[in-house]
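The block underneath contains the structure these notes are about, expressed in structure tokens.
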Amino acid sequence: MISSLSSFGIELGFFVEEYAGSKGRFPPIKRREKKSLYIATIEKAHSLVNALIETSRLSTLGLVVVDELHMIGEGSRGAILEMTLAKVLYTSKTTQIIGMSATLNNVEDLQAFLKAEYYTSQFRPVELKEFLKVNDTIYEVDSQAADGMTFSRLLSYKYSEALKKMDPDRLVALVTEVIPNYSCLVFCPSKKNCENVAEMLCKFLSKDYLNHREKEKCEVIKSLRNIGNGKVCPVLKRTVPFGIAYHHSGLTSEERKLLEEAYSTGVLCLLTCTSTLAAGVNLPARRVILRAPYVANTFLKRNQYKQMVGRAGRAGIDTAGESILLLQEKDKQQVLELISGPLETCCSHLVEEFTKGIQALFLSLIGLKIAASLGDIYQFMSGTFFGVQQKILLKEKSLWEITVDALEHLTEKGLLQKDSCGDNEGLECHFRITKLGQASFKGAIDLAYCDTLYRDLKKGLEGLVLESLLHLIYLTTPYDLAAQSEPDWMVYFKQFGQLSPTEQNVAALLGVSESFIGKKAAGQAVRKKVDKNVVNRLYLSFVLYSLLKETNVWSVSEKFNLPRGYIQNLLMGAASFSSCVLHFCEELEEFWVYKALLVELTKKLTYCVKAELIPLMEVTGVLEGRAKQLYNAGYRSIMHLANANPEVLVKTIDHLSRRQARQIVSSAKMLLHEKAEALQGEAEELLRLPADLPGLGGPSSERAGSHAGDVTLS
């Protein structure tokens with residue numbers, strides 16, 4: 001989105017700034033003339049709003065657009081989105097909020113929360129027809145029919161006995177009705193199933209499919225090999241020649257982007273994918289097939305179903321789109337209830353997500369001086385989405401009791417301090433944020449881990465090992481990812497044995513010994529108690545350490561037997577958390593030593609490439625593989641790219657389309673303009689006459705005023 005908007009920004013005179021991962025400046029640069037369009041993740045948008053409130057600049061935020069507003073009802077990310085919108089509503093009377101969603105049920109609750117007008121339309125540019133397949137029979141979903149569906153047709157594809165065994169769901173029959181001339185998405189319950197289905201389809205497709213846009217498919221394989229440093233996923237190597245690929249989080253972002261581009265241009269005609277593609281990527285299809293009414297082992301929700309079938313029908317290309325849900329007889333009744341029933345109610349998770357929700361909210365309200373007393377905080381809570389829904393969400397405690405409990409919990413953890421209390425039923429009880437609370441708030445640290453982080457950093461000061469990056473990487477490995485991981489003990493033991501004495505010293509300081517890992521690898525009982533979270537976190541640190549040394553996701557993926565996409569997500573998570581830890585340390589004087597170290601580490605984790613490629617990768621849309629191509633072709637800086645001719649780029653750089661070339665040039669120009677504007681602003685600030693200059697406003701003010709702005713630099 002950012003790269004496509006940059007060209008508009010150049011033409012219309014506004015900046016486009018990215019706030020995601022470790023990218024984004026807090027507070028944002030105060031522009032002299034042009035306005036900024038911030039494209040942000042939910043988490044970064046929250047930090048951005050906090051920074052604008054803290055610098056009394058929220059009134060400069062004219063519009064907030066929330067795509068997929070129904071995400072407000074989804075776990076911790078929903079709680080963060082709710083906090084962000086609640087703060088905007090409470091502190092700015094001029095900022096407009098627009099929320100968009102195709103899968104909302106209880107719109108009235110959100111209307112009340114956002115104090116919003118409601119606009120709805122049933123218009124769809126392309127008609128959608130929904131079908132169900134039971135055995136070899138296809139039914140059309142029909143709300144007017146007695147049982148919710150009417151007979152449509154029987155599948156006529158001739159199946160051999162071998163094919164029946166390999167393809168009991170008759171997927172080959174369903175996809176060959178549309179591909180290769182039209183596009184098709186097949187949603188599968190799991191990542192592994194995506195790969196298996198893609199391979200199965202290719203085994204039974206006619207060899208004629210290999211001839212369709214053959215040259216362009218060869219280019220896709222070449223591009224995959226290029227971004228994989230000479231390696232291509234063996235599954236994709238077999239399926240892409242047939243115009244088929246799988247798409248899930250196990251792929252790197254570069255691989256996914258390349259496959260999406262090939263699918264959008266019709267080079268690939270079919271993607272097997274997980275449900276996340278329905279919510280995150282705009283890839284429509286003539287036909288959408290749902291492999292089963294399940295996501296993993298959980299039965300499909302109506303919201304998820306609507307998101308997936310909503311991908312059917314491409315505006316401007318198709319006259320109609322169709323979805324086919326494959327189901328067994330035993331699931332028939334439940335599926336009919338799913339299709340005909342209402343969308344799930346969207347509920348607040350502000351209190352349910354305790355440390356990431358209500359506690360984080362209260363800490364930031366006091367830290368930002370939005371509210372200081374119990375009464376003020378209770379009033380704020382009453383205006384949240386949770387406040388609107390409190391009658392249906394609260395069973396045992398009242399909103400008042402929950403507010404008091406959360407504040408007491410924050411006080412017990414040393415994040416808040418109670419100042420004074422009046423007699424007015426506690427309403428006048430005032431709180432102030434402690435240094436640890438301020439650091440946790442500024443660093444956007446999950447409050448479940450803030451005291452652990454403090455202890456780890458404090459312990460690190462006693463013997464920080466700086467001869468290698470391993471110790472620093474350990475301190476910036478995300479706690480939540482470590483808690484979810486399960487080491488491969490044989491791999492762990494092998495990697496442990498290859499550590500240098502300095503690196504082994506890091507493990508010893510953390511209390512993890514080689515004998516412990518060896519016993520776990522051998523399946524032996526371990527008597528010595530070792531903190532599981534520390535062990536898991538150190539294992540992920542090994543992965544990140546290897547990645548920074550080798551800068552090759554493929555080799556690290558093979559070494560640790562982990563999916564490439566998982567490793568890349570770990571790297572992004574570590575870069576983001578490193579940035580958070582940096583902000584945490586900036587608020588605590590005792591951790592001054594970490595500041596310079598973490599600035600450099602965050603940069604290394606963000607880009608994970610050789611230093612000369614980093615300037616090129618600042619340009620939106622330029623990833624490592626592309627940066628290498630550009631650098632080798634002589635484009636060594638942002639200035640080179642900003643002044644490049646897109647037509648020359650297309651001829652010089654392999655597998656670069658004209659659209660991509662234009663976007664790279666536009667993004668580079670945008671970045672260059674931003675840097676120039678920032679430098680001009682700094683220069684003007686330096687040359688401006690200080691308002692507190694002695695003599696101004698006094699008897700000699702007239703004399704001083706005559707020289708206002710006359711600053712000479714020699």
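Chain lettering (A, B, ...) mirrors the order of the structure tokens, residue numbering begins at 1 for each chain separately, and ligand numbering begins at 1 in order of display.
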
Nearby residues (only C-alpha atoms) at most 12 Å from region 385-390 of chain A, same-chain spacing under 5 positions excluded, as a PDB file with N, CA and C atoms, in the first residue's frame:
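Listing of out_38.pdb after writing:
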ATOM      1  N   ILE A  72     -11.507  -5.231  16.161  1.00  0.00           N
ATOM      2  CA  ILE A  72     -11.615  -4.707  17.519  1.00  0.00           C
ATOM      3  C   ILE A  72     -12.115  -5.793  18.482  1.00  0.00           C
ATOM      4  N   GLY A  73     -12.699  -6.844  17.935  1.00  0.00           N
ATOM      5  CA  GLY A  73     -13.194  -7.946  18.760  1.00  0.00           C
ATOM      6  C   GLY A  73     -12.271  -9.149  18.776  1.00  0.00           C
ATOM      7  N   GLY A  78      -7.214  -6.453  19.248  1.00  0.00           N
ATOM      8  CA  GLY A  78      -8.491  -5.744  19.349  1.00  0.00           C
ATOM      9  C   GLY A  78      -8.501  -4.781  20.521  1.00  0.00           C
ATOM     10  N   ALA A  79      -7.918  -5.218  21.650  1.00  0.00           N
ATOM     11  CA  ALA A  79      -7.850  -4.361  22.838  1.00  0.00           C
ATOM     12  C   ALA A  79      -7.008  -3.119  22.555  1.00  0.00           C
ATOM     13  N   ILE A  80      -5.898  -3.296  21.821  1.00  0.00           N
ATOM     14  CA  ILE A  80      -5.018  -2.161  21.496  1.00  0.00           C
ATOM     15  C   ILE A  80      -5.729  -1.198  20.544  1.00  0.00           C
ATOM     16  N   LEU A  81      -6.457  -1.741  19.576  1.00  0.00           N
ATOM     17  CA  LEU A  81      -7.223  -0.899  18.650  1.00  0.00           C
ATOM     18  C   LEU A  81      -8.278  -0.096  19.415  1.00  0.00           C
ATOM     19  N   GLU A  82      -8.961  -0.748  20.352  1.00  0.00           N
ATOM     20  CA  GLU A  82      -9.981  -0.064  21.158  1.00  0.00           C
ATOM     21  C   GLU A  82      -9.367   1.071  21.972  1.00  0.00           C
ATOM     22  N   MET A  83      -8.208   0.818  22.596  1.00  0.00           N
ATOM     23  CA  MET A  83      -7.525   1.856  23.381  1.00  0.00           C
ATOM     24  C   MET A  83      -7.180   3.061  22.507  1.00  0.00           C
ATOM     25  N   THR A  84      -6.669   2.778  21.320  1.00  0.00           N
ATOM     26  CA  THR A  84      -6.258   3.846  20.397  1.00  0.00           C
ATOM     27  C   THR A  84      -7.439   4.744  20.046  1.00  0.00           C
ATOM     28  N   LEU A  85      -8.547   4.125  19.647  1.00  0.00           N
ATOM     29  CA  LEU A  85      -9.728   4.894  19.243  1.00  0.00           C
ATOM     30  C   LEU A  85     -10.336   5.638  20.422  1.00  0.00           C
ATOM     31  N   ALA A  86     -10.339   4.995  21.608  1.00  0.00           N
ATOM     32  CA  ALA A  86     -10.909   5.631  22.808  1.00  0.00           C
ATOM     33  C   ALA A  86     -10.119   6.889  23.171  1.00  0.00           C
ATOM     34  N   LYS A  87      -8.798   6.833  23.041  1.00  0.00           N
ATOM     35  CA  LYS A  87      -7.961   8.004  23.363  1.00  0.00           C
ATOM     36  C   LYS A  87      -8.206   9.138  22.371  1.00  0.00           C
ATOM     37  N   LEU A  89     -10.964   9.696  20.668  1.00  0.00           N
ATOM     38  CA  LEU A  89     -12.299  10.233  20.961  1.00  0.00           C
ATOM     39  C   LEU A  89     -12.291  11.130  22.198  1.00  0.00           C
ATOM     40  N   ASN A 106     -23.087  -6.554  15.464  1.00  0.00           N
ATOM     41  CA  ASN A 106     -23.635  -5.585  16.422  1.00  0.00           C
ATOM     42  C   ASN A 106     -23.103  -4.175  16.164  1.00  0.00           C
ATOM     43  N   VAL A 107     -23.504  -3.616  15.034  1.00  0.00           N
ATOM     44  CA  VAL A 107     -23.021  -2.292  14.630  1.00  0.00           C
ATOM     45  C   VAL A 107     -23.441  -1.222  15.634  1.00  0.00           C
ATOM     46  N   GLU A 108     -24.588  -1.424  16.286  1.00  0.00           N
ATOM     47  CA  GLU A 108     -25.106  -0.418  17.220  1.00  0.00           C
ATOM     48  C   GLU A 108     -24.121  -0.149  18.357  1.00  0.00           C
ATOM     49  N   ASP A 109     -23.472  -1.212  18.855  1.00  0.00           N
ATOM     50  CA  ASP A 109     -22.494  -1.037  19.939  1.00  0.00           C
ATOM     51  C   ASP A 109     -21.327  -0.179  19.485  1.00  0.00           C
ATOM     52  N   LEU A 110     -20.836  -0.451  18.280  1.00  0.00           N
ATOM     53  CA  LEU A 110     -19.709   0.328  17.759  1.00  0.00           C
ATOM     54  C   LEU A 110     -20.128   1.763  17.441  1.00  0.00           C
ATOM     55  N   GLN A 111     -21.364   1.933  16.979  1.00  0.00           N
ATOM     56  CA  GLN A 111     -21.889   3.274  16.751  1.00  0.00           C
ATOM     57  C   GLN A 111     -21.877   4.090  18.036  1.00  0.00           C
ATOM     58  N   ALA A 112     -22.354   3.449  19.121  1.00  0.00           N
ATOM     59  CA  ALA A 112     -22.411   4.136  20.414  1.00  0.00           C
ATOM     60  C   ALA A 112     -21.006   4.482  20.898  1.00  0.00           C
ATOM     61  N   PHE A 113     -20.067   3.555  20.733  1.00  0.00           N
ATOM     62  CA  PHE A 113     -18.687   3.783  21.172  1.00  0.00           C
ATOM     63  C   PHE A 113     -18.042   4.911  20.374  1.00  0.00           C
ATOM     64  N   LEU A 114     -18.168   4.868  19.059  1.00  0.00           N
ATOM     65  CA  LEU A 114     -17.498   5.840  18.191  1.00  0.00           C
ATOM     66  C   LEU A 114     -18.322   7.112  17.976  1.00  0.00           C
ATOM     67  N   LYS A 115     -19.563   7.115  18.522  1.00  0.00           N
ATOM     68  CA  LYS A 115     -20.483   8.253  18.319  1.00  0.00           C
ATOM     69  C   LYS A 115     -20.593   8.531  16.815  1.00  0.00           C
ATOM     70  N   THR A 345     -21.136 -11.872  17.269  1.00  0.00           N
ATOM     71  CA  THR A 345     -21.124 -10.589  17.956  1.00  0.00           C
ATOM     72  C   THR A 345     -19.686 -10.153  18.206  1.00  0.00           C
ATOM     73  N   CYS A 346     -19.414  -8.908  17.889  1.00  0.00           N
ATOM     74  CA  CYS A 346     -18.081  -8.340  18.097  1.00  0.00           C
ATOM     75  C   CYS A 346     -18.002  -7.799  19.520  1.00  0.00           C
ATOM     76  N   CYS A 347     -17.135  -8.378  20.345  1.00  0.00           N
ATOM     77  CA  CYS A 347     -17.052  -8.002  21.759  1.00  0.00           C
ATOM     78  C   CYS A 347     -15.693  -7.414  22.113  1.00  0.00           C
ATOM     79  N   SER A 348     -15.692  -6.499  23.088  1.00  0.00           N
ATOM     80  CA  SER A 348     -14.460  -5.899  23.577  1.00  0.00           C
ATOM     81  C   SER A 348     -13.620  -6.932  24.330  1.00  0.00           C
ATOM     82  N   HIS A 349     -12.295  -6.830  24.165  1.00  0.00           N
ATOM     83  CA  HIS A 349     -11.366  -7.705  24.896  1.00  0.00           C
ATOM     84  C   HIS A 349     -10.499  -6.893  25.861  1.00  0.00           C
ATOM     85  N   LEU A 350     -10.938  -5.688  26.167  1.00  0.00           N
ATOM     86  CA  LEU A 350     -10.142  -4.773  26.973  1.00  0.00           C
ATOM     87  C   LEU A 350      -9.833  -5.330  28.359  1.00  0.00           C
ATOM     88  N   VAL A 351     -10.825  -5.973  28.992  1.00  0.00           N
ATOM     89  CA  VAL A 351     -10.631  -6.516  30.337  1.00  0.00           C
ATOM     90  C   VAL A 351     -10.092  -7.941  30.274  1.00  0.00           C
ATOM     91  N   GLU A 352     -10.547  -8.703  29.282  1.00  0.00           N
ATOM     92  CA  GLU A 352     -10.089 -10.092  29.130  1.00  0.00           C
ATOM     93  C   GLU A 352      -8.575 -10.139  28.904  1.00  0.00           C
ATOM     94  N   GLU A 353      -8.071  -9.224  28.062  1.00  0.00           N
ATOM     95  CA  GLU A 353      -6.622  -9.119  27.840  1.00  0.00           C
ATOM     96  C   GLU A 353      -6.062  -8.189  28.920  1.00  0.00           C
ATOM     97  N   GLY A 357      -4.442  -5.073  27.941  1.00  0.00           N
ATOM     98  CA  GLY A 357      -5.659  -4.291  27.788  1.00  0.00           C
ATOM     99  C   GLY A 357      -5.813  -3.230  28.858  1.00  0.00           C
ATOM    100  N   ILE A 358      -6.654  -3.513  29.833  1.00  0.00           N
ATOM    101  CA  ILE A 358      -7.046  -2.487  30.812  1.00  0.00           C
ATOM    102  C   ILE A 358      -5.865  -1.941  31.612  1.00  0.00           C
ATOM    103  N   ILE A 377     -10.524   8.167  35.523  1.00  0.00           N
ATOM    104  CA  ILE A 377     -10.260   6.910  34.820  1.00  0.00           C
ATOM    105  C   ILE A 377     -11.557   6.129  34.628  1.00  0.00           C
ATOM    106  N   TYR A 378     -12.406   6.127  35.649  1.00  0.00           N
ATOM    107  CA  TYR A 378     -13.704   5.438  35.545  1.00  0.00           C
ATOM    108  C   TYR A 378     -14.564   6.086  34.459  1.00  0.00           C
ATOM    109  N   GLN A 379     -14.517   7.412  34.406  1.00  0.00           N
ATOM    110  CA  GLN A 379     -15.277   8.132  33.368  1.00  0.00           C
ATOM    111  C   GLN A 379     -14.781   7.761  31.975  1.00  0.00           C
ATOM    112  N   PHE A 380     -13.456   7.679  31.825  1.00  0.00           N
ATOM    113  CA  PHE A 380     -12.882   7.279  30.539  1.00  0.00           C
ATOM    114  C   PHE A 380     -13.346   5.875  30.171  1.00  0.00           C
ATOM    115  N   LYS A 395     -20.391 -10.052  34.516  1.00  0.00           N
ATOM    116  CA  LYS A 395     -21.291 -10.978  35.216  1.00  0.00           C
ATOM    117  C   LYS A 395     -21.100 -10.897  36.732  1.00  0.00           C
ATOM    118  N   GLU A 396     -19.825 -10.902  37.185  1.00  0.00           N
ATOM    119  CA  GLU A 396     -19.546 -10.978  38.612  1.00  0.00           C
ATOM    120  C   GLU A 396     -19.166  -9.631  39.223  1.00  0.00           C
ATOM    121  N   LYS A 397     -18.381  -8.836  38.501  1.00  0.00           N
ATOM    122  CA  LYS A 397     -17.930  -7.549  39.035  1.00  0.00           C
ATOM    123  C   LYS A 397     -18.497  -6.395  38.225  1.00  0.00           C
ATOM    124  N   SER A 398     -18.596  -5.241  38.871  1.00  0.00           N
ATOM    125  CA  SER A 398     -19.053  -4.035  38.174  1.00  0.00           C
ATOM    126  C   SER A 398     -17.862  -3.362  37.504  1.00  0.00           C
ATOM    127  N   LEU A 399     -18.131  -2.417  36.623  1.00  0.00           N
ATOM    128  CA  LEU A 399     -17.069  -1.668  35.952  1.00  0.00           C
ATOM    129  C   LEU A 399     -16.222  -0.921  36.980  1.00  0.00           C
ATOM    130  N   TRP A 400     -16.870  -0.402  38.010  1.00  0.00           N
ATOM    131  CA  TRP A 400     -16.157   0.308  39.079  1.00  0.00           C
ATOM    132  C   TRP A 400     -15.170  -0.631  39.777  1.00  0.00           C
ATOM    133  N   ILE A 402     -13.827  -3.417  38.674  1.00  0.00           N
ATOM    134  CA  ILE A 402     -12.747  -3.807  37.760  1.00  0.00           C
ATOM    135  C   ILE A 402     -11.721  -2.683  37.638  1.00  0.00           C
ATOM    136  N   THR A 403     -12.205  -1.438  37.598  1.00  0.00           N
ATOM    137  CA  THR A 403     -11.308  -0.282  37.515  1.00  0.00           C
ATOM    138  C   THR A 403     -10.426  -0.199  38.758  1.00  0.00           C
TER     139      THR A 403
END

Would you give me, as a VMD selection string, the residues in region 92-302 of chain A that DSSP reads as strand (DSSP E or B)?
chain A and resid 96 to 99 127 to 134 137 to 141 149 to 154 184 to 187 244 to 247 270 to 273 285 287 to 290 294 to 295 298 to 299

Counting only C-alpha atoms, which residues in region 326-391 of chain A sit no more than 9 Å from region 448-465 of chain A? For each one, give the nearest pair of atoms and the distance in Å, sorted by chain then residue number, as CSV.
residue,atom,partner,partner_atom,distance
A:Phe354,CA,A:Ala448,CA,8.9
A:Thr355,CA,A:Ala448,CA,5.8
A:Lys356,CA,A:Ala448,CA,8.0

Store the residues of this selection in a file with all heavy atoms, as a PDB file, in the first residue's frame.
ATOM      1  N   PHE A 354      -5.872  -8.718  30.126  1.00  0.00           N
ATOM      2  CA  PHE A 354      -5.640  -7.894  31.311  1.00  0.00           C
ATOM      3  C   PHE A 354      -4.385  -7.028  31.210  1.00  0.00           C
ATOM      4  O   PHE A 354      -4.445  -5.806  31.299  1.00  0.00           O
ATOM      5  CB  PHE A 354      -5.562  -8.808  32.544  1.00  0.00           C
ATOM      6  CG  PHE A 354      -5.795  -8.087  33.847  1.00  0.00           C
ATOM      7  CD1 PHE A 354      -6.946  -7.346  34.051  1.00  0.00           C
ATOM      8  CD2 PHE A 354      -4.863  -8.156  34.862  1.00  0.00           C
ATOM      9  CE1 PHE A 354      -7.165  -6.678  35.255  1.00  0.00           C
ATOM     10  CE2 PHE A 354      -5.067  -7.498  36.064  1.00  0.00           C
ATOM     11  CZ  PHE A 354      -6.223  -6.767  36.258  1.00  0.00           C
ATOM     12  N   THR A 355      -3.205  -7.664  30.974  1.00  0.00           N
ATOM     13  CA  THR A 355      -1.958  -6.885  30.962  1.00  0.00           C
ATOM     14  C   THR A 355      -1.807  -6.058  29.691  1.00  0.00           C
ATOM     15  O   THR A 355      -1.225  -4.980  29.701  1.00  0.00           O
ATOM     16  CB  THR A 355      -0.730  -7.804  31.117  1.00  0.00           C
ATOM     17  OG1 THR A 355      -0.717  -8.764  30.054  1.00  0.00           O
ATOM     18  CG2 THR A 355      -0.739  -8.524  32.450  1.00  0.00           C
ATOM     19  N   LYS A 356      -2.321  -6.576  28.563  1.00  0.00           N
ATOM     20  CA  LYS A 356      -2.217  -5.833  27.298  1.00  0.00           C
ATOM     21  C   LYS A 356      -3.409  -4.910  27.100  1.00  0.00           C
ATOM     22  O   LYS A 356      -3.415  -4.094  26.191  1.00  0.00           O
ATOM     23  CB  LYS A 356      -2.134  -6.802  26.125  1.00  0.00           C
ATOM     24  CG  LYS A 356      -0.805  -7.518  25.998  1.00  0.00           C
ATOM     25  CD  LYS A 356      -0.753  -8.326  24.715  1.00  0.00           C
ATOM     26  CE  LYS A 356       0.593  -9.001  24.547  1.00  0.00           C
ATOM     27  NZ  LYS A 356       0.662  -9.789  23.316  1.00  0.00           N
TER      28      LYS A 356
END

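Between CA of Cys585 (chain A) and CA of Leu472 (chain A) the interatomic distance comes to 13.2 Å.
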
Polymer residues at most 7 Å from region 661-663 of chain A, only C-alpha atoms, same-chain spacing of 4 or more positions, as an MDAnalysis selection string
chainID A and resid 3:4 7 646 649:650 656:657 667

Tyr139 (chain A) environment, 6 Å, only C-alpha atoms, sequence neighbours closer than 2 positions dropped, as a PDB file with C-alpha atoms, in the first residue's frame:
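Contents of around_10.pdb, as written:
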ATOM      1  CA  PHE A 131     -22.424 -23.424  -3.448  1.00  0.00           C
ATOM      2  CA  LEU A 132     -22.005 -26.472  -1.226  1.00  0.00           C
ATOM      3  CA  THR A 150     -31.329 -26.205  -3.877  1.00  0.00           C
ATOM      4  CA  PHE A 151     -29.852 -28.865  -6.168  1.00  0.00           C
ATOM      5  CA  SER A 152     -27.534 -27.381  -8.810  1.00  0.00           C
TER       6      SER A 152
END

Neighbour list for Arg57 (chain A) as a list in words, cut-off 12 Å, only C-alpha atoms, skip fewer than 6 positions in-chain
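In the requested format, the answer is Pro27, Pro28, Ile29, Lys30, Arg31, Leu48, Val49, Asn50, Ala51, Val88, Thr91, Ser92, Thr94 and Thr95 of chain A.
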
Residues from the last selection, C-alpha atoms, saved as a PDB file, in the first residue's frame:
ATOM      1  CA  PRO A  27       7.048  11.620  18.101  1.00  0.00           C
ATOM      2  CA  PRO A  28       6.561  11.936  14.337  1.00  0.00           C
ATOM      3  CA  ILE A  29       8.431  14.711  12.530  1.00  0.00           C
ATOM      4  CA  LYS A  30       6.566  18.013  12.741  1.00  0.00           C
ATOM      5  CA  ARG A  31       6.147  19.036   9.101  1.00  0.00           C
ATOM      6  CA  LEU A  48       1.773   7.119  17.306  1.00  0.00           C
ATOM      7  CA  VAL A  49      -1.415   8.403  18.956  1.00  0.00           C
ATOM      8  CA  ASN A  50       0.316   8.310  22.360  1.00  0.00           C
ATOM      9  CA  ALA A  51       3.223  10.367  20.981  1.00  0.00           C
ATOM     10  CA  VAL A  88      -8.617   9.813  20.073  1.00  0.00           C
ATOM     11  CA  THR A  91      -8.742  13.906  23.704  1.00  0.00           C
ATOM     12  CA  SER A  92      -9.643  15.353  20.289  1.00  0.00           C
ATOM     13  CA  THR A  94     -11.753  17.524  15.628  1.00  0.00           C
ATOM     14  CA  THR A  95     -10.330  14.147  14.530  1.00  0.00           C
TER      15      THR A  95
END

Hey, what's within 8 Å of region 551-565 of chain A if we count only C-alpha atoms and toss same-chain stuff fewer than 6 positions away? As a count of residues only, please?
14

Quick one: DSSP helix (DSSP H, G or I) residues in region 403-650 of chain A, as a ChimeraX atom specification?
/A:403-412,435-442,450-462,470-475,479-484,489-497,501-510,514-521,532-550,553-560,564-586,589-607,611-617,624-632,638-642,646-650

All residues 8 Å or closer to Lys418 (chain A), only C-alpha atoms, same chain fewer than 4 positions away omitted, as a ChimeraX atom specification:
/A:411,429-432

Emit the selected residues as a short mmCIF file (atom, residue, chain, number, x, y, z; two decimals), in the first residue's frame, including C-alpha atoms.
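Resulting contents of result-v5.cif:
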data_model
loop_
_atom_site.label_atom_id
_atom_site.label_comp_id
_atom_site.auth_asym_id
_atom_site.auth_seq_id
_atom_site.Cartn_x
_atom_site.Cartn_y
_atom_site.Cartn_z
CA THR A 411 0.28 -0.12 42.26
CA CYS A 429 -7.94 9.19 44.72
CA HIS A 430 -4.98 10.33 42.60
CA PHE A 431 -2.21 8.25 41.04
CA ARG A 432 1.12 9.04 39.44
#

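From CA of Thr298 (chain A) back to CA of Leu343 (chain A), the distance works out to 16.8 Å.
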
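Among the candidates A:Ile221, A:Ser264, A:Leu393, A:Glu130, the one nearest to Gly310 (chain A) when counting only C-alpha atoms is A:Glu130.
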